[in-house]
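A short worksheet on the structure shown next.
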Amino acid sequence: MSYEIIQRYISKNRSYLPLVARGTVVHETASPGDSDESEFNYFNAGAGGRSASAHAFIDNDSITNTVPWNEQAWHAGPTANHNFIGIELCNTLDPSKFQEIWNRAVWLFAYVHVNVIKVTAITKETLMSHAEVSAKWGETNHTDPVAYFANHGKTVDMFRAEVQEAINIMLNPANISYQAHVQDIGWQEQKKNGEVAGTEGQSLRMEALAINYDGPGNIVVEGHVQDIGWQAPRGNGEVIGTMGRSLRLEAVKIHLENAPGYHVEYQSHVEGMGWMDWCKGGEVSGTVGRELRLEAIKIRIIKD
Ligand SMILES: [Zn+2]
């Protein structure tokens with residue numbers, strides 16, 4: 001998941017002073033129904049001299065970067081302005097629009113922490129609310145976005161937790177590898193990230209499969225085996241199917257647990273049918289009750 005950042009710098013209300021940020025401040029605009037476009041127009045209008053600005057504004061359908069990340073903006077008093085990037089969430093009373101704004105904000109803060117300021121541990125020192133800035137340095141009296149978040153059932157701590165999760169996903173792409181045990185061949189070499197395991201056009205049954213997943217959450221795999229039916233769920237590295245019993249694997253179900261931002265997809269090559277459609281989220285891939293062997297499989301992890 002990523003969003004477009006529209007770079008459209010205001011020409012008024014600019015400091016033109018350098019900024020090497022060590023953190024971010026989260027704000028809200030307190031103007032219900034506003035947009036990043038209307039905020040751009042507000043801060044870009046007139047003679048300047050509002051002595052207020054922010055690095056970016058987020059509404060439910062876009063993000064505008066209004067001051068360069070490496071230039072001081074005027075959002076939270078001198079101490080914070082000299083050290084922090086300030087980002088404003090637009091204000092809405094609509095719960096579904098709020099969720100869109102929240103999702104974009106979580107992503108944008110993660111993006112800025114990873115790519116701009118390169119501070120990837122989120123704490124009360126590295127991602128502050130304007131309320132926390134006011135309490136710490138006493139140079140402003142704003143308490144945003146606490147009430148706005150509360151109106152929508154959220155807290156600043158929840159925001160920090162989600163930004164940290166999004167950062168972790170940006171820093172740690174997931175990998176999957178898997179190995180097929182095939183009739184007359186035995187265990188094949190390890191395959192990974194969508195490569196073909198098993199065989200095509202050789203009329204050989206896949207008898208077992210082992211999957212190694214390296215990423216957030218856990219992988220859960222179930223195999224449907226000739227004469228046995230669905231086996232109990234297996235975890236990372238465990239063997240599904242059978243070995244040494246000449247039983248065909250007929251179908252699999254695979255899903256990820258506790259892995260926000262990721263899902264697993266898998267595609268089976270079935271006797272007499274060839275490659276079937278990609279499946280995801282624990283859907284049955286292969287056939288049940290038709291006595292057809294799985295011959296090959298591809299598995300991949302998708303970042304949402
Ligand atoms: Zn503020």
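In the structure tokens, the first chain shown is A, the next is B, and so on; residue numbers restart at 1 for each chain, and ligands run from 1 in the order shown.
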Alpha helix (DSSP H) per DSSP on the backbone: members of region 43-241 of chain A, as a ChimeraX atom specification: /A:43-44,78-83,95-111,130-137,146-151,156-171
**Request:** With a distance cut-off of 9 Å and only C-alpha atoms, select the neighbouring residues of Trp275 (chain A), excluding the residue or stretch itself and same-chain residues fewer than 5 positions from it, and output the selection as an MDAnalysis selection string.
**Result:** chainID A and resid 267:270 296:297
Determine, counting only C-alpha atoms, which protein, DNA and RNA residues have an atom within 12 Å of an atom of Lys298 (chain A); residues of the same chain fewer than 4 positions away are not included. Present the result as an mmCIF file with C-alpha atoms, in the first residue's frame.
```
data_model
loop_
_atom_site.group_PDB
_atom_site.id
_atom_site.type_symbol
_atom_site.label_atom_id
_atom_site.label_comp_id
_atom_site.auth_asym_id
_atom_site.auth_seq_id
_atom_site.Cartn_x
_atom_site.Cartn_y
_atom_site.Cartn_z
ATOM 1 C CA ILE A 176 8.302 -17.189 1.331
ATOM 2 C CA SER A 177 10.109 -20.359 0.259
ATOM 3 C CA TYR A 178 8.713 -23.829 -0.256
ATOM 4 C CA GLN A 179 9.731 -27.312 -1.183
ATOM 5 C CA ALA A 180 7.690 -30.015 -2.904
ATOM 6 C CA GLN A 190 13.695 -24.981 -2.410
ATOM 7 C CA LYS A 191 11.658 -22.518 -4.495
ATOM 8 C CA LYS A 192 10.693 -19.001 -3.497
ATOM 9 C CA ASN A 193 8.367 -16.020 -4.074
ATOM 10 C CA GLY A 194 6.138 -17.364 -6.852
ATOM 11 C CA GLU A 195 8.526 -19.863 -8.472
ATOM 12 C CA VAL A 196 7.156 -23.258 -9.556
ATOM 13 C CA ALA A 197 7.571 -26.172 -7.132
ATOM 14 C CA GLY A 198 6.644 -29.652 -8.343
ATOM 15 C CA THR A 199 6.482 -30.700 -11.993
ATOM 16 C CA GLU A 200 4.442 -29.889 -15.105
ATOM 17 C CA LEU A 209 4.910 -29.693 0.711
ATOM 18 C CA ILE A 211 6.667 -23.884 3.493
ATOM 19 C CA VAL A 252 -4.220 -26.931 -0.133
ATOM 20 C CA ILE A 254 -2.976 -21.325 3.016
ATOM 21 C CA VAL A 264 -0.490 -14.955 0.749
ATOM 22 C CA GLU A 265 -1.529 -16.074 -2.745
ATOM 23 C CA TYR A 266 -1.103 -19.546 -4.243
ATOM 24 C CA GLN A 267 -1.803 -21.251 -7.539
ATOM 25 C CA SER A 268 -2.088 -24.981 -8.136
ATOM 26 C CA HIS A 269 -1.335 -27.049 -11.216
ATOM 27 C CA TRP A 275 -2.840 -24.038 -13.751
ATOM 28 C CA MET A 276 -5.930 -22.999 -11.815
ATOM 29 C CA ASP A 277 -6.706 -19.416 -10.714
ATOM 30 C CA TRP A 278 -4.696 -17.801 -7.926
ATOM 31 C CA CYS A 279 -6.271 -18.286 -4.502
ATOM 32 C CA LYS A 280 -5.819 -16.335 -1.282
ATOM 33 C CA SER A 285 -6.700 -24.494 -4.305
ATOM 34 C CA LEU A 294 -1.670 -31.679 -7.506
#
```
Select the residues contacting ligand 1 at a distance of at most 6 Å, based on only C-alpha atoms and all ligand atoms, then format the selection as a list in words.
-> His27, Glu28, His130, His142 and Asp144 of chain A
Would you save the residues from that selection as a short mmCIF file (atom, residue, chain, number, x, y, z; two decimals), in the first residue's frame, using C-alpha atoms?
```
data_model
loop_
_atom_site.label_atom_id
_atom_site.label_comp_id
_atom_site.auth_asym_id
_atom_site.auth_seq_id
_atom_site.Cartn_x
_atom_site.Cartn_y
_atom_site.Cartn_z
CA HIS A 27 -1.80 18.05 13.95
CA GLU A 28 -5.38 18.48 12.82
CA HIS A 130 0.80 19.16 19.07
CA HIS A 142 -2.92 23.98 21.07
CA ASP A 144 -4.69 18.98 18.74
#
```
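Neighbouring residues of Pro216 (chain A) at 12 Å or closer, counting only C-alpha atoms and skipping chain neighbours under 6 positions away, are Glu165, Ala166, Asn168, Ile169, Met170, Leu171, Asn172, Pro173, Ala174, Asn175, Ile176, Leu256, Glu257, Asn258, Ala259, Pro260, Gly261, Tyr262, His263, Val264, Ile301 and Lys303 of chain A.
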re CA of His75 (chain A) and CA of Ala54 (chain A): distance 5.6 Å
Q.
Could you pull out the strand (DSSP E) residues of region 4-253 of chain A, going by DSSP on the backbone, and write them as a PyMOL selection string?
A. chain A and resi 6-7+23-32+56-58+63-65+84-91+127-129+175-182+186-187+191-192+197-198+206-214+218-225+229-230+239-241+249-253
What's the 12 Å shell around Val114 (chain A), counting only C-alpha atoms, without same-chain residues fewer than 4 positions away, as a PyMOL selection string?
-> chain A and resi 22-24+107-110+118-122+163-164+166-172
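Considering the residues A:Ala208, A:Ile6, A:Ala147, A:Ile240 and counting only C-alpha atoms, Ala56 (chain A) has its shortest atom-to-atom contact with A:Ile6.
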Given the choices A:Val239, A:Leu292, A:Ile63, A:Val133, which gets closest to Ala76 (chain A) if the distance is worked out from only C-alpha atoms?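 The closest residue to Ala76 (chain A) is A:Val133.
With only C-alpha atoms taken into account, the protein and nucleic acid residues at most 7 Å from Trp74 (chain A) (excluding it and anything under 3 positions from it in its own chain) are Ser51, Ala52, Ser53, Ala54, Gly77 and Asn81 of chain A.
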Produce a file of the selected residues containing N, CA and C atoms, as a compact mmCIF listing (two decimals), in the first residue's frame.
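result39.txt was written with the following content:
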```
# COMPACT_ATOMS: atom_id res chain seq x y z
N SER A 51 2.34 33.62 9.58
CA SER A 51 3.26 33.00 10.54
C SER A 51 2.78 31.61 10.94
N ALA A 52 2.17 30.96 9.98
CA ALA A 52 1.75 29.58 10.21
C ALA A 52 1.90 28.81 8.91
N SER A 53 2.27 27.55 9.03
CA SER A 53 2.38 26.68 7.86
C SER A 53 2.58 25.26 8.38
N ALA A 54 2.53 24.32 7.45
CA ALA A 54 2.83 22.93 7.80
C ALA A 54 3.46 22.28 6.58
N GLY A 77 5.50 26.21 17.41
CA GLY A 77 6.39 26.96 18.29
C GLY A 77 7.84 26.73 17.93
N ASN A 81 9.47 23.74 15.76
CA ASN A 81 9.66 24.12 14.36
C ASN A 81 11.10 23.93 13.90
```
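Residue neighbourhood of Gly186 (chain A), excluding near-sequence residues (fewer than 4 positions): Ala180, His181, Val182, Met206, Glu207, Ala208, Met243 and Gly244 of chain A, at 10 Å, using only C-alpha atoms.
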*Please indicate the distance in Å from CA of Thr66 (chain A) to CA of Phe84 (chain A), rounded to one decimal place.*
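According to the coordinates, CA of Thr66 (chain A) and CA of Phe84 (chain A) are separated by 15.0 Å.
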